[in-house]
file run-v9.txt (compact mmCIF, C-alpha atoms)
# COMPACT_ATOMS: atom_id res chain seq x y z
CA MET A 1 21.89 -0.12 73.19
CA LYS A 2 23.84 -2.81 71.35
CA LYS A 3 20.58 -4.25 70.08
CA ILE A 4 19.50 -0.87 68.69
CA THR A 5 22.91 -0.41 67.07
CA LEU A 6 22.72 -3.85 65.43
CA ILE A 7 19.25 -3.11 64.06
CA LEU A 8 20.48 0.23 62.71
CA VAL A 9 23.47 -1.44 61.01
CA LEU A 10 21.25 -4.08 59.41
CA PHE A 11 18.85 -1.36 58.28
CA LEU A 12 21.69 0.60 56.64
CA ILE A 13 23.00 -2.55 54.96
CA GLY A 14 19.51 -3.20 53.56
CA ILE A 15 19.30 0.32 52.17
CA SER A 16 22.74 0.01 50.58
CA SER A 17 21.79 -3.31 49.01
CA THR A 18 18.57 -1.85 47.60
CA GLU A 19 20.40 1.18 46.21
CA ALA A 20 22.99 -1.10 44.60
CA GLN A 21 20.27 -3.15 42.95
CA THR A 22 18.49 0.00 41.77
CA ASN A 23 21.69 1.51 40.39
CA SER A 24 22.45 -1.77 38.64
CA LYS A 25 19.06 -1.74 36.94
CA GLU A 26 19.57 1.85 35.88
CA ARG A 27 22.76 0.96 33.99
CA THR A 28 21.38 0.30 30.54
CA VAL A 29 22.43 0.42 26.91
CA THR A 30 19.94 1.26 24.17
CA VAL A 31 20.56 0.06 20.63
CA SER A 32 18.76 -0.75 17.40
CA GLY A 33 19.07 -3.45 14.78
CA ALA A 34 17.64 -3.85 11.29
CA ALA A 35 17.13 -6.52 8.64
CA PRO A 36 15.64 -6.51 5.11
CA LEU A 37 11.93 -7.32 5.03
CA GLU A 38 10.98 -9.64 2.19
CA LYS A 39 7.54 -8.94 0.73
CA THR A 40 5.43 -10.85 -1.76
CA ILE A 41 3.19 -9.06 -4.26
CA GLU A 42 -0.29 -10.56 -4.17
CA LYS A 43 -2.16 -8.22 -6.49
CA TYR A 44 -1.64 -5.43 -9.00
CA ARG A 45 -3.79 -2.38 -9.63
CA ILE A 46 -3.66 0.20 -12.38
CA LYS A 47 -5.30 3.56 -11.87
CA ALA A 48 -6.01 5.26 -15.20
CA THR A 49 -7.06 8.90 -15.15
CA LEU A 50 -8.66 9.93 -18.44
CA SER A 51 -8.83 13.70 -18.89
CA MET A 52 -9.85 15.94 -21.75
CA ASP A 53 -7.59 18.61 -20.22
CA GLN A 54 -4.58 16.75 -21.58
CA VAL A 55 -5.87 16.31 -25.13
CA TYR A 56 -7.63 19.63 -25.63
CA TYR A 57 -4.65 21.26 -27.33
CA ALA A 58 -2.73 18.13 -28.35
CA ASP A 59 -5.34 16.37 -30.54
CA THR A 60 -8.19 18.38 -32.04
CA ARG A 61 -9.76 15.22 -33.48
CA MET A 62 -10.60 14.03 -29.96
CA GLU A 63 -13.90 15.81 -29.30
CA ASN A 64 -15.15 14.25 -26.06
CA LEU A 65 -14.49 11.80 -23.25
CA GLU A 66 -16.36 8.92 -24.90
CA GLN A 67 -14.02 9.07 -27.87
CA LEU A 68 -11.00 9.05 -25.57
CA LYS A 69 -12.33 6.10 -23.59
CA LYS A 70 -13.17 4.19 -26.78
CA GLN A 71 -9.70 4.73 -28.18
CA TYR A 72 -8.10 3.62 -24.90
CA PHE A 73 -10.25 0.49 -24.63
CA THR A 74 -9.58 -0.42 -28.27
CA ALA A 75 -5.83 -0.26 -27.68
CA LEU A 76 -6.16 -2.44 -24.59
CA LYS A 77 -8.30 -5.04 -26.37
CA GLU A 78 -5.66 -5.31 -29.08
CA ASN A 79 -3.20 -6.22 -26.32
CA GLY A 80 -5.50 -8.90 -24.92
CA VAL A 81 -6.87 -6.99 -21.92
CA ASP A 82 -10.46 -7.64 -20.80
CA VAL A 83 -11.77 -4.06 -20.41
CA SER A 84 -14.98 -5.25 -18.72
CA LYS A 85 -12.96 -5.61 -15.50
CA PHE A 86 -12.46 -1.86 -15.19
CA GLU A 87 -14.18 -0.12 -12.28
CA GLU A 88 -15.12 3.48 -13.02
CA LYS A 89 -15.14 6.22 -10.36
CA GLU A 90 -16.31 9.46 -11.92
CA MET A 91 -16.74 11.29 -8.61
CA GLU A 92 -13.08 10.74 -7.78
CA TYR A 93 -12.13 12.49 -11.03
CA PHE A 94 -14.26 15.54 -10.25
CA SER A 95 -12.65 15.81 -6.80
CA LEU A 96 -9.23 16.24 -8.46
CA GLY A 97 -10.12 19.67 -9.80
CA TYR A 98 -9.77 19.17 -13.56
CA GLN A 99 -11.50 21.76 -15.74
CA ARG A 100 -12.75 19.48 -18.53
CA ASP A 101 -14.51 16.11 -18.67
CA GLY A 102 -12.77 12.97 -17.54
CA THR A 103 -13.01 9.90 -15.36
CA VAL A 104 -10.95 7.53 -13.21
CA LEU A 105 -10.70 3.82 -14.01
CA TYR A 106 -9.31 1.05 -11.79
CA TYR A 107 -8.16 -2.38 -12.95
CA GLU A 108 -7.17 -5.11 -10.46
CA THR A 109 -5.42 -8.33 -11.46
CA ASN A 110 -3.32 -11.15 -10.01
CA SER A 111 -1.39 -11.38 -13.28
CA LYS A 112 1.86 -9.44 -13.62
CA GLU A 113 1.64 -9.96 -17.39
CA ILE A 114 -1.75 -8.22 -17.60
CA ALA A 115 -0.53 -5.46 -15.31
CA MET A 116 2.43 -4.80 -17.59
CA LYS A 117 0.16 -4.65 -20.63
CA LEU A 118 -1.93 -2.02 -18.88
CA VAL A 119 1.13 0.01 -17.92
CA LYS A 120 2.54 -0.07 -21.45
CA THR A 121 -0.73 1.03 -23.07
CA ASN A 122 -0.36 4.74 -22.57
CA LEU A 123 -2.22 7.23 -24.75
CA GLN A 124 -2.41 11.01 -24.86
CA GLY A 125 -4.96 12.01 -22.23
CA VAL A 126 -4.43 8.89 -20.09
CA GLN A 127 -2.37 9.16 -16.92
CA LEU A 128 -1.41 5.86 -15.26
CA GLN A 129 -0.50 4.94 -11.69
CA PHE A 130 0.88 1.50 -10.85
CA GLN A 131 -0.01 0.11 -7.42
CA VAL A 132 0.50 -3.20 -5.63
CA LYS A 133 -0.85 -5.04 -2.62
CA GLN A 134 1.97 -6.74 -0.72
CA ARG A 135 2.17 -9.27 2.08
CA VAL A 136 4.83 -10.44 4.52
CA SER A 137 4.43 -14.04 5.65
CA SER A 138 4.80 -14.92 9.33
CA GLU A 139 7.92 -16.95 8.45
CA LYS A 140 9.59 -13.99 6.69
CA ASN A 141 8.59 -11.68 9.53
CA LYS A 142 10.12 -14.01 12.10
CA ALA A 143 13.33 -14.39 10.09
CA ALA A 144 13.72 -10.61 9.82
CA LEU A 145 13.11 -10.22 13.57
CA GLU A 146 15.83 -12.75 14.42
CA LEU A 147 18.37 -11.02 12.17
CA ALA A 148 17.49 -7.60 13.57
CA LEU A 149 17.91 -8.88 17.15
CA LYS A 150 21.33 -10.33 16.30
CA GLU A 151 22.43 -6.97 14.95
CA ALA A 152 21.08 -5.21 18.04
CA MET A 153 23.05 -7.56 20.30
CA LYS A 154 26.19 -6.98 18.22
CA ASN A 155 25.79 -3.23 18.58
CA ALA A 156 25.17 -3.53 22.33
CA ASN A 157 28.30 -5.65 22.78
CA SER A 158 30.39 -3.09 20.92
CA LEU A 159 29.17 -0.24 23.09
CA CYS A 160 29.60 -2.14 26.36
CA LYS A 161 33.07 -3.31 25.41
CA ALA A 162 34.10 0.32 24.88
CA ILE A 163 33.38 1.09 28.56
CA ASN A 164 34.55 -2.27 29.97
CA THR A 165 31.10 -3.65 30.74
CA SER A 166 29.03 -6.50 29.33
CA VAL A 167 25.49 -6.96 28.08
CA GLY A 168 22.85 -8.31 30.43
CA GLU A 169 19.18 -9.16 30.07
CA ILE A 170 16.72 -7.36 27.80
CA ILE A 171 14.74 -4.75 29.72
CA SER A 172 12.48 -3.59 26.91
CA ILE A 173 12.05 -4.05 23.17
CA SER A 174 9.97 -2.44 20.43
CA SER A 175 9.77 -2.72 16.66
CA ASN A 176 8.21 -1.33 13.51
CA GLN A 177 6.64 -4.72 12.84
CA TYR A 178 5.17 -4.77 9.35
CA HIS A 179 1.41 -4.97 8.98
CA ASN A 180 0.09 -6.14 5.65
CA GLU A 181 -0.94 -2.98 3.87
CA ASP A 182 -3.58 -1.90 1.46
CA TRP A 183 -2.66 -0.57 -1.99
CA THR A 184 0.70 1.21 -2.19
CA SER A 185 2.74 2.73 -4.98
CA TYR A 186 5.32 0.36 -6.40
CA TYR A 187 8.98 1.29 -5.81
CA THR A 188 11.68 -1.01 -7.19
CA ASP A 189 14.56 0.87 -5.57
CA TYR A 190 13.24 0.85 -2.00
CA GLN A 191 14.04 -1.93 0.47
CA GLU A 192 11.95 -1.76 3.63
CA GLN A 193 13.72 -2.69 6.85
CA PHE A 194 12.44 -4.48 9.92
CA THR A 195 13.82 -2.45 12.83
CA VAL A 196 13.98 -3.29 16.53
CA ASN A 197 14.90 -0.98 19.41
CA VAL A 198 16.26 -2.83 22.43
CA VAL A 199 17.23 -1.72 25.93
CA TYR A 200 19.70 -4.10 27.62
CA GLN A 201 20.85 -4.12 31.22
CA MET A 202 24.59 -3.62 31.63
CA LYS A 203 26.43 -5.95 33.99
call {"tool": "encode", "arguments": {"input": "run-v9.txt", "output": "structure tokens"}}
result
Amino acid sequence: MKKITLILVLFLIGISSTEAQTNSKERTVTVSGAAPLEKTIEKYRIKATLSMDQVYYADTRMENLEQLKKQYFTALKENGVDVSKFEEKEMEYFSLGYQRDGTVLYYETNSKEIAMKLVKTNLQGVQLQFQVKQRVSSEKNKAALELALKEAMKNANSLCKAINTSVGEIISISSNQYHNEDWTSYYTDYQEQFTVNVVYQMK
């Protein structure tokens, strides 16, 4: 009987220990941290939409698309832009739903100076869109991750301190890790953040 009782006691102790470990693992704190992500512009692209819709009422001397294109190219040449580098996509223009003739032209360059010349050469009937291709180096990505993790730890410590506990090991982590993108619109007033979400065990 004593032997059975001892086994039962040990069994209950084992269950209690397991429950304590489980409950300990379930005590977690979830936080996030962020850091500025530094990007480098590798290439510039100007999308120029030429449309007779825009000049039909504004300039009666402009009779057709060829005249509009010639005038646009002449202005660019005067600013030192090599117009032979334009890529024309007429089908893209027709998909936009304009009523009169037009076309879409793309110009890619590594030179910021050339890109600015293209942006500043704006005529009636020419609508411009400025795009860039950006890259985040592995070094900059790593630096942003480290800063974001420090902020996450700081936030976790603040929360745990408020309830008289402390931060333990990381249970899980996720991020919005930046992937080098294709062409995007250029925004000077937008700072992208590297964000991490971390779940810590509480001691």
call {"tool": "axis_aligned_box", "arguments": {"input": "run-v9.txt", "around": "region 45-53 of chain A", "padding_each_side": "3 Å", "output": "JSON"}}
result
{"center_x": -6.8, "center_y": 8.1, "center_z": -15.7, "size_x": 12.2, "size_y": 27.0, "size_z": 18.1}
call {"tool": "closest_atom_pairs", "arguments": {"input": "run-v9.txt", "of": "region 126-177 of chain A", "to": "region 185-199 of chain A", "cutoff": "9 Å", "atoms": "all atoms listed in the file", "output": "Markdown table"}}
result
| residue | atom | partner | partner_atom | distance |
| --- | --- | --- | --- | --- |
| A:Gln129 | CA | A:Ser185 | CA | 7.8 |
| A:Phe130 | CA | A:Ser185 | CA | 6.3 |
| A:Gln131 | CA | A:Ser185 | CA | 4.5 |
| A:Val132 | CA | A:Tyr186 | CA | 6.0 |
| A:Lys133 | CA | A:Ser185 | CA | 8.9 |
| A:Asn141 | CA | A:Phe194 | CA | 8.2 |
| A:Ala144 | CA | A:Phe194 | CA | 6.3 |
| A:Leu145 | CA | A:Phe194 | CA | 6.8 |
| A:Ala148 | CA | A:Val196 | CA | 6.3 |
| A:Leu149 | CA | A:Val196 | CA | 6.9 |
| A:Ala152 | CA | A:Val198 | CA | 6.9 |
| A:Met153 | CA | A:Val198 | CA | 8.5 |
| A:Ala156 | CA | A:Val199 | CA | 8.9 |
| A:Glu169 | CA | A:Val199 | CA | 8.7 |
| A:Ile170 | CA | A:Val199 | CA | 6.0 |
| A:Ile171 | CA | A:Val199 | CA | 5.5 |
| A:Ser172 | CA | A:Val199 | CA | 5.2 |
| A:Ile173 | CA | A:Val198 | CA | 4.4 |
| A:Ser174 | CA | A:Asn197 | CA | 5.2 |
| A:Ser175 | CA | A:Val196 | CA | 4.3 |
| A:Asn176 | CA | A:Thr195 | CA | 5.8 |
| A:Gln177 | CA | A:Phe194 | CA | 6.5 |
call {"tool": "atom_distance", "arguments": {"input": "run-v9.txt", "atom1": "CA of Met91 (chain A)", "atom2": "CA of Arg61 (chain A)"}}
result
26.1 Å
call {"tool": "closest_atom_pairs", "arguments": {"input": "run-v9.txt", "of": "region 83-141 of chain A", "to": "region 26-49 of chain A", "cutoff": "10 Å", "atoms": "only C-alpha atoms", "output": "CSV"}}
result
residue,atom,partner,partner_atom,distance
A:Phe86,CA,A:Ile46,CA,9.5
A:Glu87,CA,A:Lys47,CA,9.6
A:Glu88,CA,A:Ala48,CA,9.5
A:Lys89,CA,A:Thr49,CA,9.8
A:Glu90,CA,A:Thr49,CA,9.8
A:Glu92,CA,A:Thr49,CA,9.7
A:Tyr93,CA,A:Thr49,CA,7.5
A:Gly102,CA,A:Thr49,CA,7.4
A:Thr103,CA,A:Thr49,CA,6.0
A:Val104,CA,A:Thr49,CA,4.6
A:Leu105,CA,A:Ala48,CA,5.0
A:Tyr106,CA,A:Lys47,CA,4.7
A:Tyr107,CA,A:Ile46,CA,5.2
A:Glu108,CA,A:Arg45,CA,4.4
A:Thr109,CA,A:Tyr44,CA,5.4
A:Asn110,CA,A:Lys43,CA,4.7
A:Ser111,CA,A:Tyr44,CA,7.3
A:Lys112,CA,A:Tyr44,CA,7.0
A:Ile114,CA,A:Tyr44,CA,9.0
A:Ala115,CA,A:Tyr44,CA,6.4
A:Met116,CA,A:Ile46,CA,9.4
A:Leu118,CA,A:Ile46,CA,7.1
A:Val119,CA,A:Ile46,CA,7.3
A:Asn122,CA,A:Ala48,CA,9.3
A:Gly125,CA,A:Thr49,CA,8.0
A:Val126,CA,A:Thr49,CA,5.6
A:Gln127,CA,A:Thr49,CA,5.0
A:Leu128,CA,A:Ala48,CA,4.6
A:Gln129,CA,A:Lys47,CA,5.0
A:Phe130,CA,A:Ile46,CA,5.0
A:Gln131,CA,A:Arg45,CA,5.0
A:Val132,CA,A:Tyr44,CA,4.6
A:Lys133,CA,A:Lys43,CA,5.2
A:Gln134,CA,A:Ile41,CA,4.4
A:Arg135,CA,A:Thr40,CA,5.3
A:Val136,CA,A:Lys39,CA,4.9
A:Ser137,CA,A:Lys39,CA,7.7
A:Lys140,CA,A:Glu38,CA,6.4
A:Asn141,CA,A:Leu37,CA,7.1
call {"tool": "atom_distance", "arguments": {"input": "run-v9.txt", "atom1": "CA of Glu63 (chain A)", "atom2": "CA of Ser51 (chain A)"}}
result
11.8 Å
call {"tool": "atom_distance", "arguments": {"input": "run-v9.txt", "atom1": "CA of Met52 (chain A)", "atom2": "CA of Asp101 (chain A)"}}
result
5.6 Å
call {"tool": "residues_near_point", "arguments": {"input": "run-v9.txt", "point": "(-2.2, -4.2, -26.6)", "cutoff": "10 Å", "atoms": "only C-alpha atoms", "output": "PyMOL selection string"}}
result
chain A and resi 72-81+114+117-118+120-122
call {"tool": "write_last_selection", "arguments": {"input": "run-v9.txt", "atoms": "C-alpha atoms", "output": "PDB file, in the coordinates of the input"}}
result
ATOM      1  CA  TYR A  72      -8.100   3.620 -24.900  1.00  0.00           C
ATOM      2  CA  PHE A  73     -10.250   0.490 -24.630  1.00  0.00           C
ATOM      3  CA  THR A  74      -9.580  -0.420 -28.270  1.00  0.00           C
ATOM      4  CA  ALA A  75      -5.830  -0.260 -27.680  1.00  0.00           C
ATOM      5  CA  LEU A  76      -6.160  -2.440 -24.590  1.00  0.00           C
ATOM      6  CA  LYS A  77      -8.300  -5.040 -26.370  1.00  0.00           C
ATOM      7  CA  GLU A  78      -5.660  -5.310 -29.080  1.00  0.00           C
ATOM      8  CA  ASN A  79      -3.200  -6.220 -26.320  1.00  0.00           C
ATOM      9  CA  GLY A  80      -5.500  -8.900 -24.920  1.00  0.00           C
ATOM     10  CA  VAL A  81      -6.870  -6.990 -21.920  1.00  0.00           C
ATOM     11  CA  ILE A 114      -1.750  -8.220 -17.600  1.00  0.00           C
ATOM     12  CA  LYS A 117       0.160  -4.650 -20.630  1.00  0.00           C
ATOM     13  CA  LEU A 118      -1.930  -2.020 -18.880  1.00  0.00           C
ATOM     14  CA  LYS A 120       2.540  -0.070 -21.450  1.00  0.00           C
ATOM     15  CA  THR A 121      -0.730   1.030 -23.070  1.00  0.00           C
ATOM     16  CA  ASN A 122      -0.360   4.740 -22.570  1.00  0.00           C
TER      17      ASN A 122
END
